[in-house]
>>> print(open('target14.pdb').read())   # PDB, C-alpha atoms
ATOM      1  CA  MET T  23     145.791  36.425 -22.708
ATOM      2  CA  GLY T  24     149.102  38.167 -21.783
ATOM      3  CA  ARG T  25     149.206  36.249 -18.562
ATOM      4  CA  PRO T  26     151.129  36.990 -15.395
ATOM      5  CA  ALA T  27     152.671  33.827 -13.941
ATOM      6  CA  ALA T  28     149.862  31.468 -13.003
ATOM      7  CA  ALA T  29     149.970  30.037  -9.494
ATOM      8  CA  ASP T  30     149.520  26.490 -10.728
ATOM      9  CA  PRO T  31     152.480  25.345 -12.864
ATOM     10  CA  ALA T  32     150.287  22.862 -14.719
ATOM     11  CA  GLU T  33     147.971  25.695 -15.691
ATOM     12  CA  ALA T  34     150.888  27.890 -16.668
ATOM     13  CA  SER T  35     152.258  25.185 -18.970
ATOM     14  CA  ARG T  36     148.832  24.835 -20.576
ATOM     15  CA  GLY T  37     148.699  28.565 -21.147
ATOM     16  CA  LEU T  38     145.511  28.869 -19.149
ATOM     17  CA  VAL T  39     144.613  32.394 -18.306
ATOM     18  CA  THR T  40     144.120  33.889 -14.863
ATOM     19  CA  PRO T  41     140.558  34.796 -13.827
ATOM     20  CA  PRO T  42     140.372  38.489 -14.839
ATOM     21  CA  HIS T  43     141.692  37.534 -18.255
ATOM     22  CA  VAL T  44     139.112  34.799 -18.587
ATOM     23  CA  ARG T  45     136.448  37.473 -18.169
ATOM     24  CA  VAL T  46     138.031  39.588 -20.911
ATOM     25  CA  ALA T  47     138.228  36.532 -23.169
ATOM     26  CA  LEU T  48     134.585  35.626 -22.528
ATOM     27  CA  LEU T  49     133.471  39.189 -23.332
ATOM     28  CA  ALA T  50     135.572  39.196 -26.515
ATOM     29  CA  ALA T  51     134.180  35.805 -27.569
ATOM     30  CA  SER T  52     130.616  36.923 -26.850
ATOM     31  CA  ALA T  53     130.897  40.210 -28.767
ATOM     32  CA  GLY T  54     132.664  38.506 -31.660
ATOM     33  CA  GLY T  55     130.129  35.684 -31.688
ATOM     34  CA  VAL T  56     127.331  38.230 -32.121
ATOM     35  CA  VAL T  57     129.095  39.800 -35.118
ATOM     36  CA  GLY T  58     129.813  36.433 -36.734
ATOM     37  CA  ALA T  59     126.328  35.018 -36.153
ATOM     38  CA  LEU T  60     124.645  38.173 -37.512
ATOM     39  CA  ALA T  61     126.806  37.955 -40.635
ATOM     40  CA  ARG T  62     125.826  34.285 -41.071
ATOM     41  CA  TRP T  63     122.142  35.089 -40.493
ATOM     42  CA  GLY T  64     122.272  38.029 -42.920
ATOM     43  CA  LEU T  65     123.823  35.886 -45.653
ATOM     44  CA  GLY T  66     121.187  33.204 -45.038
ATOM     45  CA  GLU T  67     118.412  35.812 -45.444
ATOM     46  CA  ARG T  68     120.033  37.261 -48.571
ATOM     47  CA  PHE T  69     120.801  33.878 -50.181
ATOM     48  CA  PRO T  70     118.129  31.364 -49.158
ATOM     49  CA  VAL T  71     118.710  27.892 -50.607
ATOM     50  CA  GLY T  72     115.428  26.039 -50.020
ATOM     51  CA  ASP T  73     115.656  22.288 -50.488
ATOM     52  CA  GLY T  74     118.756  22.260 -52.712
ATOM     53  CA  PHE T  75     122.497  22.217 -52.007
ATOM     54  CA  PRO T  76     123.057  24.427 -48.913
ATOM     55  CA  ALA T  77     125.522  26.666 -50.742
ATOM     56  CA  THR T  78     125.310  29.575 -48.283
ATOM     57  CA  VAL T  79     126.466  27.606 -45.229
ATOM     58  CA  PHE T  80     128.964  25.710 -47.415
ATOM     59  CA  TRP T  81     130.712  28.961 -48.362
ATOM     60  CA  ILE T  82     130.407  30.346 -44.815
ATOM     61  CA  ASN T  83     132.183  27.311 -43.374
ATOM     62  CA  VAL T  84     134.882  27.174 -46.077
ATOM     63  CA  THR T  85     135.726  30.899 -46.049
ATOM     64  CA  GLY T  86     135.447  31.062 -42.238
ATOM     65  CA  SER T  87     137.930  28.202 -41.918
ATOM     66  CA  ALA T  88     140.344  29.924 -44.322
ATOM     67  CA  LEU T  89     140.060  33.215 -42.404
ATOM     68  CA  LEU T  90     140.667  31.511 -39.031
ATOM     69  CA  ALA T  91     143.782  29.903 -40.512
ATOM     70  CA  ALA T  92     144.931  33.358 -41.691
ATOM     71  CA  LEU T  93     144.838  34.971 -38.217
ATOM     72  CA  PRO T  94     148.253  33.665 -37.007
ATOM     73  CA  ALA T  95     149.895  35.385 -39.999
ATOM     74  CA  ILE T  96     148.749  38.823 -38.764
ATOM     75  CA  ALA T  97     151.225  40.369 -36.316
ATOM     76  CA  VAL T  98     148.761  42.653 -34.523
ATOM     77  CA  VAL T  99     146.478  39.667 -33.861
ATOM     78  CA  ARG T 100     149.362  37.628 -32.403
ATOM     79  CA  ARG T 101     150.326  40.556 -30.163
ATOM     80  CA  THR T 102     146.802  41.311 -28.919
ATOM     81  CA  PRO T 103     145.225  38.326 -27.115
ATOM     82  CA  TRP T 104     141.734  39.842 -26.724
ATOM     83  CA  LEU T 105     141.687  40.668 -30.444
ATOM     84  CA  ALA T 106     142.739  37.115 -31.314
ATOM     85  CA  VAL T 107     139.880  35.698 -29.223
ATOM     86  CA  PHE T 108     137.418  38.302 -30.566
ATOM     87  CA  LEU T 109     138.232  37.503 -34.210
ATOM     88  CA  GLY T 110     138.971  33.779 -33.873
ATOM     89  CA  THR T 111     136.813  32.131 -31.231
ATOM     90  CA  GLY T 112     134.281  34.985 -31.469
ATOM     91  CA  VAL T 113     133.650  36.273 -35.004
ATOM     92  CA  LEU T 114     134.809  33.242 -37.013
ATOM     93  CA  GLY T 115     133.617  30.701 -34.452
ATOM     94  CA  GLY T 116     130.192  32.370 -34.479
ATOM     95  CA  PHE T 117     130.192  32.786 -38.272
ATOM     96  CA  THR T 118     130.930  29.137 -39.039
ATOM     97  CA  THR T 119     128.637  26.457 -37.710
ATOM     98  CA  MET T 120     128.765  22.701 -37.273
ATOM     99  CA  SER T 121     125.159  22.445 -36.082
ATOM    100  CA  ALA T 122     123.618  23.901 -39.261
ATOM    101  CA  ALA T 123     125.929  21.805 -41.462
ATOM    102  CA  SER T 124     124.845  18.635 -39.627
ATOM    103  CA  GLU T 125     121.158  19.554 -39.498
ATOM    104  CA  GLN T 126     121.041  20.460 -43.208
ATOM    105  CA  THR T 127     122.686  17.139 -44.100
ATOM    106  CA  VAL T 128     120.162  15.258 -41.956
ATOM    107  CA  VAL T 129     117.232  17.087 -43.598
ATOM    108  CA  LEU T 130     118.635  16.306 -47.086
ATOM    109  CA  LEU T 131     118.929  12.631 -46.104
ATOM    110  CA  ASP T 132     115.408  12.646 -44.656
ATOM    111  CA  HIS T 133     114.073  14.090 -47.932
ATOM    112  CA  ASP T 134     115.885  11.331 -49.889
ATOM    113  CA  HIS T 135     118.446  13.718 -51.393
ATOM    114  CA  THR T 136     121.146  11.254 -50.427
ATOM    115  CA  GLY T 137     123.640  12.247 -53.131
ATOM    116  CA  THR T 138     123.346  15.955 -52.337
ATOM    117  CA  ALA T 139     123.721  15.181 -48.616
ATOM    118  CA  LEU T 140     126.934  13.208 -49.124
ATOM    119  CA  VAL T 141     128.422  15.789 -51.519
ATOM    120  CA  TYR T 142     127.494  18.560 -49.063
ATOM    121  CA  ALA T 143     128.944  16.906 -45.927
ATOM    122  CA  GLY T 144     132.061  15.520 -47.615
ATOM    123  CA  GLY T 145     132.580  18.514 -49.885
ATOM    124  CA  THR T 146     132.408  21.037 -47.031
ATOM    125  CA  LEU T 147     134.987  19.150 -44.992
ATOM    126  CA  LEU T 148     137.364  18.568 -47.919
ATOM    127  CA  ALA T 149     137.138  22.155 -49.174
ATOM    128  CA  ALA T 150     137.551  23.655 -45.693
ATOM    129  CA  LEU T 151     140.536  21.430 -44.810
ATOM    130  CA  ALA T 152     142.184  22.222 -48.162
ATOM    131  CA  ALA T 153     141.617  25.962 -47.625
ATOM    132  CA  VAL T 154     143.166  25.842 -44.132
ATOM    133  CA  TRP T 155     146.121  23.800 -45.404
ATOM    134  CA  LEU T 156     146.785  26.359 -48.167
ATOM    135  CA  VAL T 157     146.412  29.427 -45.933
ATOM    136  CA  ASP T 158     148.719  27.834 -43.316
ATOM    137  CA  ARG T 159     151.624  28.559 -45.757
ATOM    138  CA  TRP T 160     151.436  32.199 -44.623
ATOM    139  CA  SER T 161     152.247  31.496 -40.966
ATOM    140  CA  THR T 162     154.859  29.520 -39.029
ATOM    141  CA  PRO T 163     154.087  26.626 -36.664
ATOM    142  CA  ALA T 164     155.179  28.934 -33.811
ATOM    143  CA  ASP T 165     152.635  31.590 -34.887
ATOM    144  CA  ARG T 166     149.882  28.980 -34.945
ATOM    145  CA  ALA T 167     150.923  27.539 -31.561
ATOM    146  CA  LEU T 168     150.707  31.054 -30.070
ATOM    147  CA  LEU T 169     147.129  31.534 -31.282
ATOM    148  CA  GLU T 170     146.213  28.121 -29.887
ATOM    149  CA  LEU T 171     147.726  29.127 -26.538
ATOM    150  CA  GLU T 172     145.610  32.289 -26.602
ATOM    151  CA  GLU T 173     142.526  30.085 -27.106
ATOM    152  CA  ALA T 174     141.743  31.938 -30.323
ATOM    153  CA  ASP T 175     140.811  28.773 -32.221
ATOM    154  CA  GLU T 176     138.298  27.184 -29.870
TER     155      GLU T 176
ATOM    156  CA  MET M  28     113.482  41.442 -34.434
ATOM    157  CA  ASN M  29     114.930  38.107 -35.583
ATOM    158  CA  GLY M  30     118.362  39.718 -35.870
ATOM    159  CA  LEU M  31     118.185  40.785 -32.227
ATOM    160  CA  LEU M  32     117.278  37.224 -31.212
ATOM    161  CA  VAL M  33     120.148  35.787 -33.276
ATOM    162  CA  ALA M  34     122.503  38.225 -31.543
ATOM    163  CA  LEU M  35     121.194  37.300 -28.083
ATOM    164  CA  GLY M  36     121.614  33.569 -28.699
ATOM    165  CA  ALA M  37     125.102  34.049 -30.116
ATOM    166  CA  ALA M  38     126.149  36.274 -27.195
ATOM    167  CA  VAL M  39     125.592  33.253 -24.930
ATOM    168  CA  GLY M  40     126.650  30.422 -27.260
ATOM    169  CA  ALA M  41     130.088  31.680 -28.302
ATOM    170  CA  PRO M  42     131.486  32.296 -24.780
ATOM    171  CA  LEU M  43     130.093  28.926 -23.625
ATOM    172  CA  ARG M  44     132.151  27.288 -26.395
ATOM    173  CA  LEU M  45     135.236  29.123 -25.133
ATOM    174  CA  LEU M  46     134.522  27.946 -21.565
ATOM    175  CA  ALA M  47     134.123  24.342 -22.722
ATOM    176  CA  GLY M  48     137.447  24.440 -24.559
ATOM    177  CA  HIS M  49     139.109  26.197 -21.649
ATOM    178  CA  HIS M  50     138.069  23.556 -19.123
ATOM    179  CA  LEU M  51     137.862  20.352 -21.171
ATOM    180  CA  ASP M  52     140.699  20.542 -23.740
ATOM    181  CA  ARG M  53     143.709  18.491 -22.626
ATOM    182  CA  VAL M  54     147.381  18.814 -23.539
ATOM    183  CA  ARG M  55     149.006  15.499 -24.387
ATOM    184  CA  GLY M  56     152.679  15.844 -25.198
ATOM    185  CA  GLU M  57     153.068  18.485 -27.913
ATOM    186  CA  HIS M  58     149.410  18.379 -28.883
ATOM    187  CA  THR M  59     146.064  19.499 -27.550
ATOM    188  CA  VAL M  60     143.097  17.132 -27.572
ATOM    189  CA  HIS M  61     140.068  19.352 -28.146
ATOM    190  CA  TRP M  62     137.429  17.573 -26.055
ATOM    191  CA  GLY M  63     135.642  20.858 -25.367
ATOM    192  CA  THR M  64     135.226  21.738 -29.051
ATOM    193  CA  LEU M  65     134.079  18.178 -29.808
ATOM    194  CA  LEU M  66     131.513  18.254 -26.989
ATOM    195  CA  VAL M  67     129.942  21.594 -27.977
ATOM    196  CA  ASN M  68     129.672  20.472 -31.588
ATOM    197  CA  LEU M  69     127.985  17.184 -30.660
ATOM    198  CA  LEU M  70     125.555  18.861 -28.229
ATOM    199  CA  GLY M  71     124.768  21.840 -30.479
ATOM    200  CA  SER M  72     124.093  19.578 -33.471
ATOM    201  CA  ALA M  73     121.772  17.396 -31.375
ATOM    202  CA  LEU M  74     119.850  20.454 -30.143
ATOM    203  CA  LEU M  75     119.461  21.996 -33.620
ATOM    204  CA  GLY M  76     118.410  18.599 -35.002
ATOM    205  CA  TRP M  77     115.770  18.364 -32.278
ATOM    206  CA  LEU M  78     114.469  21.909 -32.947
ATOM    207  CA  VAL M  79     114.145  21.330 -36.697
ATOM    208  CA  GLY M  80     112.694  17.827 -36.231
ATOM    209  CA  HIS M  81     110.154  19.319 -33.839
ATOM    210  CA  GLY M  82     109.151  21.900 -36.467
ATOM    211  CA  VAL M  83     110.379  24.896 -34.443
ATOM    212  CA  ASP M  84     110.726  27.990 -36.656
ATOM    213  CA  GLY M  85     110.385  31.761 -36.607
ATOM    214  CA  ARG M  86     111.607  33.616 -33.530
ATOM    215  CA  PRO M  87     112.388  30.588 -31.326
ATOM    216  CA  LEU M  88     114.532  29.109 -34.118
ATOM    217  CA  ALA M  89     116.293  32.454 -34.632
ATOM    218  CA  LEU M  90     117.158  32.665 -30.916
ATOM    219  CA  VAL M  91     118.064  29.068 -30.083
ATOM    220  CA  GLY M  92     118.907  27.620 -33.515
ATOM    221  CA  THR M  93     120.581  30.280 -35.671
ATOM    222  CA  GLY M  94     121.851  32.291 -32.702
ATOM    223  CA  PHE M  95     122.716  29.933 -29.855
ATOM    224  CA  CYS M  96     123.422  26.617 -31.644
ATOM    225  CA  GLY M  97     125.088  28.394 -34.569
ATOM    226  CA  ALA M  98     127.542  30.262 -32.358
ATOM    227  CA  PHE M  99     127.919  27.481 -29.758
ATOM    228  CA  THR M 100     129.156  25.125 -32.501
ATOM    229  CA  THR M 101     131.968  25.890 -34.911
ATOM    230  CA  TYR M 102     133.322  24.556 -38.175
ATOM    231  CA  SER M 103     136.421  26.742 -38.529
ATOM    232  CA  ALA M 104     137.979  25.655 -35.216
ATOM    233  CA  VAL M 105     137.586  21.993 -36.173
ATOM    234  CA  THR M 106     139.344  22.351 -39.519
ATOM    235  CA  VAL M 107     142.118  24.545 -38.095
ATOM    236  CA  GLN M 108     142.668  22.226 -35.092
ATOM    237  CA  ALA M 109     142.703  19.211 -37.442
ATOM    238  CA  VAL M 110     145.260  20.693 -39.849
ATOM    239  CA  ASN M 111     147.432  21.931 -36.961
ATOM    240  CA  ARG M 112     147.363  18.425 -35.498
ATOM    241  CA  GLY M 113     148.205  16.969 -38.906
ATOM    242  CA  GLY M 114     148.442  13.414 -40.214
ATOM    243  CA  TRP M 115     145.985  10.652 -39.448
ATOM    244  CA  PRO M 116     145.084  11.979 -35.966
ATOM    245  CA  GLY M 117     144.046  15.281 -37.567
ATOM    246  CA  ILE M 118     142.011  13.545 -40.266
ATOM    247  CA  ALA M 119     140.420  11.249 -37.675
ATOM    248  CA  TYR M 120     139.462  14.252 -35.514
ATOM    249  CA  ALA M 121     137.872  16.129 -38.450
ATOM    250  CA  VAL M 122     136.038  13.143 -39.948
ATOM    251  CA  GLY M 123     135.048  11.886 -36.484
ATOM    252  CA  THR M 124     133.590  15.293 -35.556
ATOM    253  CA  VAL M 125     131.552  15.593 -38.753
ATOM    254  CA  ALA M 126     130.304  11.976 -38.535
ATOM    255  CA  GLY M 127     129.558  12.230 -34.815
ATOM    256  CA  CYS M 128     127.650  15.494 -35.255
ATOM    257  CA  LEU M 129     125.622  13.945 -38.095
ATOM    258  CA  LEU M 130     124.688  11.127 -35.727
ATOM    259  CA  THR M 131     123.674  13.427 -32.858
ATOM    260  CA  ALA M 132     121.785  15.751 -35.242
ATOM    261  CA  TRP M 133     119.985  12.717 -36.709
ATOM    262  CA  ALA M 134     119.126  11.427 -33.223
ATOM    263  CA  GLY M 135     117.812  14.856 -32.188
ATOM    264  CA  TYR M 136     115.823  15.159 -35.425
ATOM    265  CA  LYS M 137     114.185  11.763 -34.889
ATOM    266  CA  VAL M 138     113.459  12.378 -31.196
ATOM    267  CA  GLY M 139     112.017  15.819 -32.010
ATOM    268  CA  GLY M 140     109.982  14.623 -35.015
TER     269      GLY M 140
END
>>> encode(input="target14.pdb", output="C-alpha cells")
Amino acid sequence: MGRPAAADPAEASRGLVTPPHVRVALLAASAGGVVGALARWGLGERFPVGDGFPATVFWINVTGSALLAALPAIAVVRRTPWLAVFLGTGVLGGFTTMSAASEQTVVLLDHDHTGTALVYAGGTLLAALAAVWLVDRWSTPADRALLELEEADE
Amino acid sequence: MNGLLVALGAAVGAPLRLLAGHHLDRVRGEHTVHWGTLLVNLLGSALLGWLVGHGVDGRPLALVGTGFCGAFTTYSAVTVQAVNRGGWPGIAYAVGTVAGCLLTAWAGYKVGG
C-alpha cells in the first residue's frame, strides 16, 4: 500500500500499512475474493467430479498458484498496491483453496480410495510448486519481495 | 441463490485471511514466517472437514464451505511463499501446511461425523 512513513519504525520495516490503507486492502481482498470464489464455484458446477480424482480443484490450485507467481512480473500490478492485493490475496487467494483440497483428500481416504488420495494430495503440491518455480523465471527477486511487502500473496 | 451465498461467504473469508497475515506473519532476518496463512489454512480445513463430516450440504455448505472456507484458505499463497522462501525451509513449510491441514480436516470430519 503506497505507505506514508509509519509512526512505528518496526512497522515501517515490515512494510505494514497505515490504517486507511488497511481498509483499502481489506476491501480489495474482499471484492477479489468474491470474484475468485465465484469462478471456483462455477467451475465446480460445470465440471463435477463425484467420487473420483478431484480434477477441478486440482487444476484450480495449480493454475491459481502459477497465476499468483506471475503477478510480480506485471509492472502495473507492482505499481498499484490495491490492484496487487485485489488480484493476489483477493482473486487468486479466493480462487485457490486449501480447505477443499484437504477435505476432498480426507473423503477419498474415508472411502478407501487411498491411492487416489495420495496421488491427489501429493500431485497437487508437486504440480503447483513446479508451476510457481517455472513462472518465477519471469520476475526478479526484488519484484517478488515488493509484492510480498504489499501483502499481495497472503 | 447458491452463487450469492458463495459470494457472501467469500466476501468475509478473504479479508479475514489478509488480516491474519497482516497481524500474525513475522519477519525473521530476510524472510517472513507466514504464521497467519498457516493458521487460516489449518482452521478453514478443520471447519470444512467438520461441515462435510456432519453432512451439511446445499445452501449452508455454499455459504460457509465453498464461500467462506474456500476463500478464507488459500493454496496459491502457500506455494508462492514456499518457493520464495526456497530450499528446505520452503519445502518444509509447503509439506507441513498440506499435512497439517489434512490432519485438521480429518479431525473435523471425525468430530462432525
>>> atom_distance(input="target14.pdb", atom1="CA of Ser52 (chain T)", atom2="CA of Ala174 (chain T)")
12.7 Å
>>> resolve_selection(input="target14.pdb", expression="the PyMOL selection byres ((chain M) within 6 of (chain T))", output="PDB file with C-alpha atoms, in the frame of the given file")
ATOM      1  CA  ALA M  34     122.503  38.225 -31.543  1.00  0.00           C
ATOM      2  CA  ALA M  37     125.102  34.049 -30.116  1.00  0.00           C
ATOM      3  CA  ALA M  38     126.149  36.274 -27.195  1.00  0.00           C
ATOM      4  CA  ALA M  41     130.088  31.680 -28.302  1.00  0.00           C
ATOM      5  CA  PRO M  42     131.486  32.296 -24.780  1.00  0.00           C
ATOM      6  CA  LEU M  45     135.236  29.123 -25.133  1.00  0.00           C
ATOM      7  CA  GLY M  71     124.768  21.840 -30.479  1.00  0.00           C
ATOM      8  CA  SER M  72     124.093  19.578 -33.471  1.00  0.00           C
ATOM      9  CA  GLY M  76     118.410  18.599 -35.002  1.00  0.00           C
ATOM     10  CA  GLY M  97     125.088  28.394 -34.569  1.00  0.00           C
ATOM     11  CA  ALA M  98     127.542  30.262 -32.358  1.00  0.00           C
ATOM     12  CA  THR M 100     129.156  25.125 -32.501  1.00  0.00           C
ATOM     13  CA  THR M 101     131.968  25.890 -34.911  1.00  0.00           C
ATOM     14  CA  TYR M 102     133.322  24.556 -38.175  1.00  0.00           C
ATOM     15  CA  SER M 103     136.421  26.742 -38.529  1.00  0.00           C
ATOM     16  CA  ALA M 104     137.979  25.655 -35.216  1.00  0.00           C
ATOM     17  CA  THR M 106     139.344  22.351 -39.519  1.00  0.00           C
ATOM     18  CA  LEU M 129     125.622  13.945 -38.095  1.00  0.00           C
ATOM     19  CA  ALA M 132     121.785  15.751 -35.242  1.00  0.00           C
ATOM     20  CA  TRP M 133     119.985  12.717 -36.709  1.00  0.00           C
TER      21      TRP M 133
END
>>> atom_distance(input="target14.pdb", atom1="CA of Lys137 (chain M)", atom2="CA of Leu130 (chain T)")
13.8 Å
>>> atom_distance(input="target14.pdb", atom1="CA of Val98 (chain T)", atom2="CA of His43 (chain T)")
18.5 Å
>>> residues_around(input="target14.pdb", residues="region 78-92 of chain M", least_positions_apart="5", cutoff="8 Å", atoms="all atoms listed in the file", output="list in words")
Glu125 of chain T; Asn29, Gly30, Leu32, Val33, Ala34, Leu35, Gly36, Gly97, Gly135, Tyr136, Lys137, Val138, Gly139 and Gly140 of chain M
>>> residues_around(input="target14.pdb", residues="Gly63 (chain M)", least_positions_apart="5", cutoff="9 Å", atoms="only C-alpha atoms", output="PDB file with C-alpha atoms, in the coordinates of the input")
ATOM      1  CA  GLU T 176     138.298  27.184 -29.870  1.00  0.00           C
TER       2      GLU T 176
ATOM      3  CA  ARG M  44     132.151  27.288 -26.395  1.00  0.00           C
ATOM      4  CA  LEU M  45     135.236  29.123 -25.133  1.00  0.00           C
ATOM      5  CA  LEU M  46     134.522  27.946 -21.565  1.00  0.00           C
ATOM      6  CA  ALA M  47     134.123  24.342 -22.722  1.00  0.00           C
ATOM      7  CA  GLY M  48     137.447  24.440 -24.559  1.00  0.00           C
ATOM      8  CA  HIS M  49     139.109  26.197 -21.649  1.00  0.00           C
ATOM      9  CA  HIS M  50     138.069  23.556 -19.123  1.00  0.00           C
ATOM     10  CA  LEU M  51     137.862  20.352 -21.171  1.00  0.00           C
ATOM     11  CA  ASP M  52     140.699  20.542 -23.740  1.00  0.00           C
ATOM     12  CA  ARG M  53     143.709  18.491 -22.626  1.00  0.00           C
ATOM     13  CA  ASN M  68     129.672  20.472 -31.588  1.00  0.00           C
TER      14      ASN M  68
END
